[in-house]
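Trainee: One structure follows; several queries about it will come next.
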Amino acid sequence: GENVEQHPSTLSVQEGDSAVIKCTYSDSASNYFPWYKQELGKRPQLIIDIRSNVGEKKDQRIAVTLNKTAKHFSLHITETQPEDSAVYFCAAKSFQKLVFGTGTRLLVSP
Amino acid sequence: EAGVAQSPRYKIIEKRQSVAFWCNPISGHATLYWYQQILGQGPKLLIQFQNNGVVDDSQLPKDRFSAERLKGVDSTLKIQPAKLEDSAVYLCASSLGAGGSTDTQYFGPGTRLTVL
């Protein structure tokens with residue numbers, strides 16, 4: 001089955017800096033890669049996603065890139081703000097099943 | 001649009017007791033998922049329903065966990081008997097379609113279970 005690895009587990013940046021979170025997946029059949037943001041005690045919320053026929057997608061300060069050959073995808077947050085502080089999860093979907101990474105705790109200091 | 005509803009939000013039980021969680025998906029969503037999220041980890045799929053049929057329950061510990069979605073709308077997840085390692089947040093999610101690649105999952109607030 002699919003296995004998703006996520007790095008780093010913790011990321012501390014200063015407000016205004018960029019943050020990058022990286023994920024790798026094992027199943028070449030995976031074709032959908034969402035990113036979820038989870039604030040403490042809250043539900044995971046979808047922030048951006050990318051499908052396997054696209055290499056990059058951008059939404060304001062957030063972008064995701066996908067390298068199908070290398071089986072890795074990354075989340076890029078520019079001009080970080082304190083409200084970006086949360087745990088971010090990547091996921092990969094293969095045959096209707098979504099497999100999550102272990103999460104990255106992002107801390108943005110003012 | 002109302003989101004995915006879950007209850008209770010918190011539950012504390014002793015080991016070997018039973019517990020049940022309830023989920024009401026977004027109206028019109030065909031597919032419902034139950035995930036287990038252990039502290040510090042990502043959500044892990046326990047069971048997936050499409051309407052009232054089971055699509056995937058390969059990671060459901062069937063000796064103690066059961067789930068149903070009798071009328072294809074709301075769902076219950078039961079643990080009987082509970083073990084200490086069942087302490088986790090149980091998340092319900094729903095999606096509009098059949099769970100294919102274009103189908104976004106929306107999560108409920110979760111039920112935090114503590115087994116003592």
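In the structure tokens, each chain is lettered A, B, ... as it comes, each chain's residues begin at 1, and ligands are numbered from 1 in order of appearance.
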Output the contact residues of chain A with respect to chain B at a cut-off of 9 Å, based on only C-alpha atoms, as a VMD selection string.

Mentor: chain A and resid 30 to 34 41 to 46 51 89 to 90 93 to 103

Trainee: Those residues with N, CA and C atoms, as a PDB file, in the first residue's frame please?

Mentor:
```pdb
ATOM      1  N   SER A  30      -0.682   6.767  -7.242  1.00  0.00           N
ATOM      2  CA  SER A  30      -1.295   7.914  -6.554  1.00  0.00           C
ATOM      3  C   SER A  30      -1.463   9.063  -7.526  1.00  0.00           C
ATOM      4  N   ASN A  31      -2.634   9.702  -7.492  1.00  0.00           N
ATOM      5  CA  ASN A  31      -2.928  10.723  -8.497  1.00  0.00           C
ATOM      6  C   ASN A  31      -3.529  11.997  -7.928  1.00  0.00           C
ATOM      7  N   TYR A  32      -3.605  12.111  -6.606  1.00  0.00           N
ATOM      8  CA  TYR A  32      -4.188  13.300  -5.991  1.00  0.00           C
ATOM      9  C   TYR A  32      -3.456  13.569  -4.693  1.00  0.00           C
ATOM     10  N   PHE A  33      -3.057  14.857  -4.490  1.00  0.00           N
ATOM     11  CA  PHE A  33      -2.180  15.178  -3.373  1.00  0.00           C
ATOM     12  C   PHE A  33      -2.698  16.443  -2.683  1.00  0.00           C
ATOM     13  N   PRO A  34      -3.503  16.276  -1.635  1.00  0.00           N
ATOM     14  CA  PRO A  34      -3.997  17.447  -0.901  1.00  0.00           C
ATOM     15  C   PRO A  34      -3.095  17.785   0.274  1.00  0.00           C
ATOM     16  N   GLY A  41      -6.534  21.464  18.341  1.00  0.00           N
ATOM     17  CA  GLY A  41      -7.886  21.127  18.759  1.00  0.00           C
ATOM     18  C   GLY A  41      -8.955  21.323  17.695  1.00  0.00           C
ATOM     19  N   LYS A  42      -8.521  21.608  16.472  1.00  0.00           N
ATOM     20  CA  LYS A  42      -9.510  21.864  15.407  1.00  0.00           C
ATOM     21  C   LYS A  42      -9.464  20.753  14.346  1.00  0.00           C
ATOM     22  N   ARG A  43     -10.395  20.818  13.433  1.00  0.00           N
ATOM     23  CA  ARG A  43     -10.440  19.812  12.373  1.00  0.00           C
ATOM     24  C   ARG A  43      -9.415  20.126  11.299  1.00  0.00           C
ATOM     25  N   PRO A  44      -8.929  19.106  10.575  1.00  0.00           N
ATOM     26  CA  PRO A  44      -8.056  19.374   9.410  1.00  0.00           C
ATOM     27  C   PRO A  44      -8.857  20.102   8.345  1.00  0.00           C
ATOM     28  N   GLN A  45      -8.235  21.117   7.746  1.00  0.00           N
ATOM     29  CA  GLN A  45      -8.903  21.875   6.695  1.00  0.00           C
ATOM     30  C   GLN A  45      -8.025  21.887   5.445  1.00  0.00           C
ATOM     31  N   LEU A  46      -8.643  21.601   4.319  1.00  0.00           N
ATOM     32  CA  LEU A  46      -7.929  21.587   3.045  1.00  0.00           C
ATOM     33  C   LEU A  46      -7.475  22.999   2.693  1.00  0.00           C
ATOM     34  N   ARG A  51      -3.345  17.676  -8.654  1.00  0.00           N
ATOM     35  CA  ARG A  51      -3.575  16.401  -9.304  1.00  0.00           C
ATOM     36  C   ARG A  51      -2.365  16.006 -10.124  1.00  0.00           C
ATOM     37  N   PHE A  89      -0.443  18.687   7.174  1.00  0.00           N
ATOM     38  CA  PHE A  89      -0.373  17.294   6.727  1.00  0.00           C
ATOM     39  C   PHE A  89      -0.438  17.221   5.204  1.00  0.00           C
ATOM     40  N   CYS A  90       0.467  16.454   4.618  1.00  0.00           N
ATOM     41  CA  CYS A  90       0.325  16.120   3.212  1.00  0.00           C
ATOM     42  C   CYS A  90      -0.391  14.778   3.126  1.00  0.00           C
ATOM     43  N   LYS A  93      -3.431  10.122  -2.589  1.00  0.00           N
ATOM     44  CA  LYS A  93      -4.571   9.237  -2.802  1.00  0.00           C
ATOM     45  C   LYS A  93      -4.268   8.242  -3.923  1.00  0.00           C
ATOM     46  N   SER A  94      -4.507   6.964  -3.578  1.00  0.00           N
ATOM     47  CA  SER A  94      -4.331   5.890  -4.540  1.00  0.00           C
ATOM     48  C   SER A  94      -5.525   4.959  -4.422  1.00  0.00           C
ATOM     49  N   PHE A  95      -6.217   4.692  -5.528  1.00  0.00           N
ATOM     50  CA  PHE A  95      -7.373   3.802  -5.539  1.00  0.00           C
ATOM     51  C   PHE A  95      -8.379   4.187  -4.451  1.00  0.00           C
ATOM     52  N   GLN A  96      -8.770   5.438  -4.435  1.00  0.00           N
ATOM     53  CA  GLN A  96      -9.785   5.993  -3.542  1.00  0.00           C
ATOM     54  C   GLN A  96      -9.332   6.110  -2.090  1.00  0.00           C
ATOM     55  N   LYS A  97      -8.113   5.685  -1.757  1.00  0.00           N
ATOM     56  CA  LYS A  97      -7.692   5.720  -0.365  1.00  0.00           C
ATOM     57  C   LYS A  97      -6.679   6.838  -0.155  1.00  0.00           C
ATOM     58  N   LEU A  98      -6.967   7.689   0.838  1.00  0.00           N
ATOM     59  CA  LEU A  98      -6.094   8.816   1.157  1.00  0.00           C
ATOM     60  C   LEU A  98      -5.177   8.411   2.309  1.00  0.00           C
ATOM     61  N   VAL A  99      -3.866   8.523   2.079  1.00  0.00           N
ATOM     62  CA  VAL A  99      -2.876   8.199   3.104  1.00  0.00           C
ATOM     63  C   VAL A  99      -2.162   9.483   3.502  1.00  0.00           C
ATOM     64  N   PHE A 100      -2.111   9.756   4.797  1.00  0.00           N
ATOM     65  CA  PHE A 100      -1.548  10.998   5.304  1.00  0.00           C
ATOM     66  C   PHE A 100      -0.098  10.824   5.736  1.00  0.00           C
ATOM     67  N   GLY A 101       0.651  11.930   5.643  1.00  0.00           N
ATOM     68  CA  GLY A 101       1.965  11.991   6.251  1.00  0.00           C
ATOM     69  C   GLY A 101       1.837  12.199   7.757  1.00  0.00           C
ATOM     70  N   THR A 102       2.973  12.276   8.431  1.00  0.00           N
ATOM     71  CA  THR A 102       2.977  12.351   9.891  1.00  0.00           C
ATOM     72  C   THR A 102       2.848  13.771  10.415  1.00  0.00           C
ATOM     73  N   GLY A 103       2.858  14.764   9.527  1.00  0.00           N
ATOM     74  CA  GLY A 103       2.610  16.125   9.947  1.00  0.00           C
ATOM     75  C   GLY A 103       3.876  16.944  10.178  1.00  0.00           C
TER      76      GLY A 103
END
```

Trainee: Report the residues of chain A whose backbone DSSP state falls under strand (DSSP E), written as a ChimeraX atom specification.

Mentor: /A:4-7,10-14,19-25,32-38,45-51,56-59,62-67,72-77,86-94,97-100,104-109

Trainee: Please determine, counting only C-alpha atoms, which residue among B:Lys71, B:Phe65, B:Leu39, B:Thr111 has the shortest atom-to-atom distance to B:Gly53.

Mentor: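 Nearest to B:Gly53: B:Lys71.
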
Trainee: Would you mind listing what lies within 8 Å of A:Pro110 as a PDB file with all heavy atoms, in the first residue's frame, with only C-alpha atoms counted and same-chain residues fewer than 4 positions away left out?

Mentor:
```pdb
ATOM      1  N   GLN A  14      10.719  32.964  11.067  1.00  0.00           N
ATOM      2  CA  GLN A  14      10.346  34.308  11.467  1.00  0.00           C
ATOM      3  C   GLN A  14       9.255  34.811  10.527  1.00  0.00           C
ATOM      4  O   GLN A  14       9.224  34.460   9.332  1.00  0.00           O
ATOM      5  CB  GLN A  14      11.551  35.237  11.396  1.00  0.00           C
ATOM      6  CG  GLN A  14      12.644  34.958  12.432  1.00  0.00           C
ATOM      7  CD  GLN A  14      12.183  35.305  13.832  1.00  0.00           C
ATOM      8  OE1 GLN A  14      12.129  34.466  14.711  1.00  0.00           O
ATOM      9  NE2 GLN A  14      11.839  36.563  14.036  1.00  0.00           N
ATOM     10  N   GLU A  15       8.403  35.639  11.074  1.00  0.00           N
ATOM     11  CA  GLU A  15       7.336  36.236  10.272  1.00  0.00           C
ATOM     12  C   GLU A  15       7.929  36.896   9.023  1.00  0.00           C
ATOM     13  O   GLU A  15       8.925  37.624   9.105  1.00  0.00           O
ATOM     14  CB  GLU A  15       6.580  37.265  11.101  1.00  0.00           C
ATOM     15  CG  GLU A  15       5.418  37.909  10.389  1.00  0.00           C
ATOM     16  CD  GLU A  15       4.651  38.870  11.285  1.00  0.00           C
ATOM     17  OE1 GLU A  15       5.028  39.027  12.462  1.00  0.00           O
ATOM     18  OE2 GLU A  15       3.671  39.465  10.808  1.00  0.00           O
ATOM     19  N   GLN A  81       2.922  34.358   8.214  1.00  0.00           N
ATOM     20  CA  GLN A  81       2.303  35.185   9.248  1.00  0.00           C
ATOM     21  C   GLN A  81       2.055  34.328  10.478  1.00  0.00           C
ATOM     22  O   GLN A  81       1.946  33.102  10.359  1.00  0.00           O
ATOM     23  CB  GLN A  81       0.985  35.752   8.707  1.00  0.00           C
ATOM     24  CG  GLN A  81       1.164  36.597   7.451  1.00  0.00           C
ATOM     25  CD  GLN A  81      -0.147  36.901   6.735  1.00  0.00           C
ATOM     26  OE1 GLN A  81      -1.223  36.523   7.190  1.00  0.00           O
ATOM     27  NE2 GLN A  81      -0.043  37.575   5.607  1.00  0.00           N
ATOM     28  N   PRO A  82       1.943  34.929  11.662  1.00  0.00           N
ATOM     29  CA  PRO A  82       1.716  34.128  12.876  1.00  0.00           C
ATOM     30  C   PRO A  82       0.503  33.207  12.759  1.00  0.00           C
ATOM     31  O   PRO A  82       0.518  32.103  13.297  1.00  0.00           O
ATOM     32  CB  PRO A  82       1.529  35.202  13.955  1.00  0.00           C
ATOM     33  CG  PRO A  82       2.348  36.352  13.468  1.00  0.00           C
ATOM     34  CD  PRO A  82       2.190  36.347  11.970  1.00  0.00           C
TER      35      PRO A  82
END
```

Trainee: Could you tell me how far atom CA of A:Lys57 sits from atom CA of A:Thr80, in Å to one decimal place?

Mentor: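 Computing it gives 18.0 Å between the two atoms.
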
Trainee: Mind checking which residues fall within 7 Å of A:Lys22, counting only C-alpha atoms, ignoring those fewer than 6 positions away in the same chain, and posting them as a ChimeraX atom specification?

Mentor: /A:6-7,73-75

Trainee: Using only C-alpha atoms, which protein or nucleic acid residues come within 8 Å of B:Ala20? Drop anything in the same chain fewer than 2 positions from it, and give the result as a PDB file with C-alpha atoms, in the first residue's frame.

Mentor:
```pdb
ATOM      1  CA  SER B  18     -17.723   0.319  25.300  1.00  0.00           C
ATOM      2  CA  TRP B  22     -21.830   9.541  15.850  1.00  0.00           C
ATOM      3  CA  THR B  76     -21.856   5.338  14.113  1.00  0.00           C
ATOM      4  CA  LEU B  77     -18.477   3.917  15.091  1.00  0.00           C
ATOM      5  CA  LYS B  78     -18.311   1.619  18.094  1.00  0.00           C
ATOM      6  CA  ILE B  79     -15.446   0.249  20.152  1.00  0.00           C
TER       7      ILE B  79
END
```

Trainee: Excluding B:Ile26 and residues on its chain fewer than 3 positions from it, collect all residues at most 6 Å away from it, counting only C-alpha atoms, and give them as a count of residues only.

Mentor: 3
